[in-house]
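Contents: one structure, followed by commentary.
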Amino acid sequence: QPRTFGGKFNGDKAGLGKACKEACNEHTACRGYTYNPSKGVCYLKTVDTPEGGFSCTSADCWYWGQVLSHPHVQSLSIPDAERDLGLKVTDLKVGTGEEVKKGDTVTMGYVGKLADGSVFDQGQYVFEFGAGQVIEGDDIGLKGVRVGGKRRLVVPPSLAYGSQGYPGAIPPDATITFDITILSLSHHGIASGYKASNSPS
């Protein structure tokens with residue numbers, strides 16, 4: 001959503017840039033911001049942008065800035081990701097086995113659904129947790145889960161397949177839901193994730 005600050009910074013490049021940076025600093029997931037002084041509007045972003053903007057000769061143009069001190073998106077806690085990125089995490093069943101840790105190889109059963117409830121994929125997937133072998137929503141949303149646990153993740157497009165979608169299965173800018181059960185884990189990594197079965201159980 002655009003931030004207008006009540007029109008307070010219309011035509012004030014320095015003031016608007018400072019207000020945008022402060023707003024970005026308040027959100028752990030924010031990496032950068034774009035702002036247009038003539039419109040007095042600012043957008044916060046979850047991706048890095050060039051420091052300092054660029055030279056602009058037009059009265060109506062956009063500038064960029066970034067915040068460097070925030071952690072990588074995968075390092076966000078679940079509460080931060082829920083607040084700043086719109087991820088929704090619900091424990092359907094709390095597991096009693098080992099807790100999944102970064103670097104563990106996890107076997108999960110999953111059912112993936114679109115917003116209309118239709119299933120776009122299901123099965124078992126084997127991956128190294130925290131290694132970017134699944135969508136970012138999974139690497140964040142499965143933190144703290146234990147073997148035997150079942151968790152529902154409602155994942156916004158920014159943490160899933162974005163504006164590209166997944167051809168033939170997931171449309172662009174889709175929010176998707178995963179019901180995930182942690183079936184097993186082992187304490188060693190793998191080079192890449194793979195689908196082990198078409199059945200989630």
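Residue numbers start at 1 in each chain; chains themselves are named A, B, ... in the order of the structure tokens; ligands are numbered from 1 in the order shown.
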> What's the 10 Å shell around Gly6 in chain A, counting only C-alpha atoms, without same-chain residues fewer than 4 positions away, as number ranges by chain?
Replying inline: A: 10, 40-41
Please list as an mmCIF file with N, CA and C atoms, in the first residue's frame every residue within 12 Å of Ala174 in chain A, counting only C-alpha atoms and excluding residues in the same chain fewer than 3 positions away.
data_model
loop_
_atom_site.group_PDB
_atom_site.id
_atom_site.type_symbol
_atom_site.label_atom_id
_atom_site.label_comp_id
_atom_site.auth_asym_id
_atom_site.auth_seq_id
_atom_site.Cartn_x
_atom_site.Cartn_y
_atom_site.Cartn_z
ATOM 1 N N GLY A 112 -1.141 -28.733 -1.533
ATOM 2 C CA GLY A 112 -1.127 -27.325 -1.887
ATOM 3 C C GLY A 112 -2.423 -26.932 -2.573
ATOM 4 N N LYS A 113 -3.019 -25.837 -2.111
ATOM 5 C CA LYS A 113 -4.304 -25.390 -2.662
ATOM 6 C C LYS A 113 -4.236 -23.922 -3.074
ATOM 7 N N LEU A 114 -5.037 -23.586 -4.091
ATOM 8 C CA LEU A 114 -5.221 -22.197 -4.491
ATOM 9 C C LEU A 114 -6.313 -21.568 -3.633
ATOM 10 N N ALA A 115 -6.534 -20.275 -3.829
ATOM 11 C CA ALA A 115 -7.507 -19.554 -3.008
ATOM 12 C C ALA A 115 -8.926 -20.103 -3.163
ATOM 13 N N ASP A 116 -9.233 -20.704 -4.322
ATOM 14 C CA ASP A 116 -10.574 -21.262 -4.535
ATOM 15 C C ASP A 116 -10.727 -22.667 -3.960
ATOM 16 N N PHE A 120 -3.501 -27.870 -6.341
ATOM 17 C CA PHE A 120 -2.585 -27.756 -7.477
ATOM 18 C C PHE A 120 -1.445 -28.760 -7.395
ATOM 19 N N VAL A 154 -0.471 -20.221 4.960
ATOM 20 C CA VAL A 154 -1.084 -19.423 3.907
ATOM 21 C C VAL A 154 -0.003 -18.453 3.441
ATOM 22 N N VAL A 155 0.448 -18.644 2.209
ATOM 23 C CA VAL A 155 1.675 -17.998 1.738
ATOM 24 C C VAL A 155 1.352 -16.943 0.679
ATOM 25 N N PRO A 156 1.714 -15.687 0.929
ATOM 26 C CA PRO A 156 1.484 -14.642 -0.075
ATOM 27 C C PRO A 156 2.418 -14.822 -1.268
ATOM 28 N N PRO A 157 2.092 -14.228 -2.405
ATOM 29 C CA PRO A 157 2.926 -14.420 -3.600
ATOM 30 C C PRO A 157 4.382 -14.016 -3.414
ATOM 31 N N SER A 158 4.647 -13.007 -2.559
ATOM 32 C CA SER A 158 6.032 -12.556 -2.371
ATOM 33 C C SER A 158 6.905 -13.625 -1.737
ATOM 34 N N LEU A 159 6.294 -14.597 -1.059
ATOM 35 C CA LEU A 159 7.046 -15.695 -0.441
ATOM 36 C C LEU A 159 6.789 -17.019 -1.152
ATOM 37 N N ALA A 160 6.106 -16.954 -2.303
ATOM 38 C CA ALA A 160 5.776 -18.175 -3.040
ATOM 39 C C ALA A 160 6.300 -18.054 -4.475
ATOM 40 N N TYR A 161 5.396 -17.921 -5.433
ATOM 41 C CA TYR A 161 5.808 -17.933 -6.841
ATOM 42 C C TYR A 161 5.690 -16.582 -7.520
ATOM 43 N N GLY A 162 5.349 -15.535 -6.755
ATOM 44 C CA GLY A 162 5.414 -14.168 -7.235
ATOM 45 C C GLY A 162 4.558 -13.870 -8.448
ATOM 46 N N SER A 163 5.025 -12.900 -9.229
ATOM 47 C CA SER A 163 4.267 -12.457 -10.398
ATOM 48 C C SER A 163 4.385 -13.432 -11.562
ATOM 49 N N GLN A 164 5.334 -14.380 -11.482
ATOM 50 C CA GLN A 164 5.479 -15.365 -12.555
ATOM 51 C C GLN A 164 4.495 -16.528 -12.394
ATOM 52 N N GLY A 165 4.140 -16.834 -11.133
ATOM 53 C CA GLY A 165 3.336 -18.026 -10.904
ATOM 54 C C GLY A 165 4.131 -19.279 -11.254
ATOM 55 N N TYR A 166 3.417 -20.373 -11.450
ATOM 56 C CA TYR A 166 4.046 -21.631 -11.885
ATOM 57 C C TYR A 166 3.208 -22.140 -13.045
ATOM 58 N N PRO A 167 3.723 -22.035 -14.279
ATOM 59 C CA PRO A 167 2.907 -22.321 -15.468
ATOM 60 C C PRO A 167 2.183 -23.660 -15.389
ATOM 61 N N ALA A 169 -0.024 -24.541 -13.250
ATOM 62 C CA ALA A 169 -0.479 -24.946 -11.921
ATOM 63 C C ALA A 169 -0.903 -23.765 -11.052
ATOM 64 N N ILE A 170 -0.077 -22.724 -11.003
ATOM 65 C CA ILE A 170 -0.309 -21.601 -10.094
ATOM 66 C C ILE A 170 -0.318 -20.306 -10.895
ATOM 67 N N PRO A 171 -1.410 -19.549 -10.844
ATOM 68 C CA PRO A 171 -1.465 -18.300 -11.605
ATOM 69 C C PRO A 171 -0.558 -17.231 -10.998
ATOM 70 N N THR A 177 -2.094 -22.034 -0.194
ATOM 71 C CA THR A 177 -2.175 -22.640 1.133
ATOM 72 C C THR A 177 -1.560 -24.033 1.093
#
>> Can you pull out the residues contacting Lys93 in chain A? Cut-off 9 Å, using only C-alpha atoms, and skip same-chain residues under 4 positions away; I want them as a list in words.
In response: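 My list of contacting residues is Gly148, Gly149, Lys150, Arg151 and Thr181 of chain A.
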>> Which residue is closest to Thr90 in chain A? Choose from A:Val126, A:Ala14, A:Tyr194, A:Leu153 and count only C-alpha atoms.
In response: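 For Thr90 in chain A, the nearest of the given residues is A:Leu153.
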> Nearest to Gln122 in chain A among A:Gly11, A:Gly65, A:Pro200, A:Gly103, with distances taken over only C-alpha atoms: which residue is it?
Replying inline: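 Using only C-alpha atoms, Gln122 in chain A sits closest to A:Pro200.
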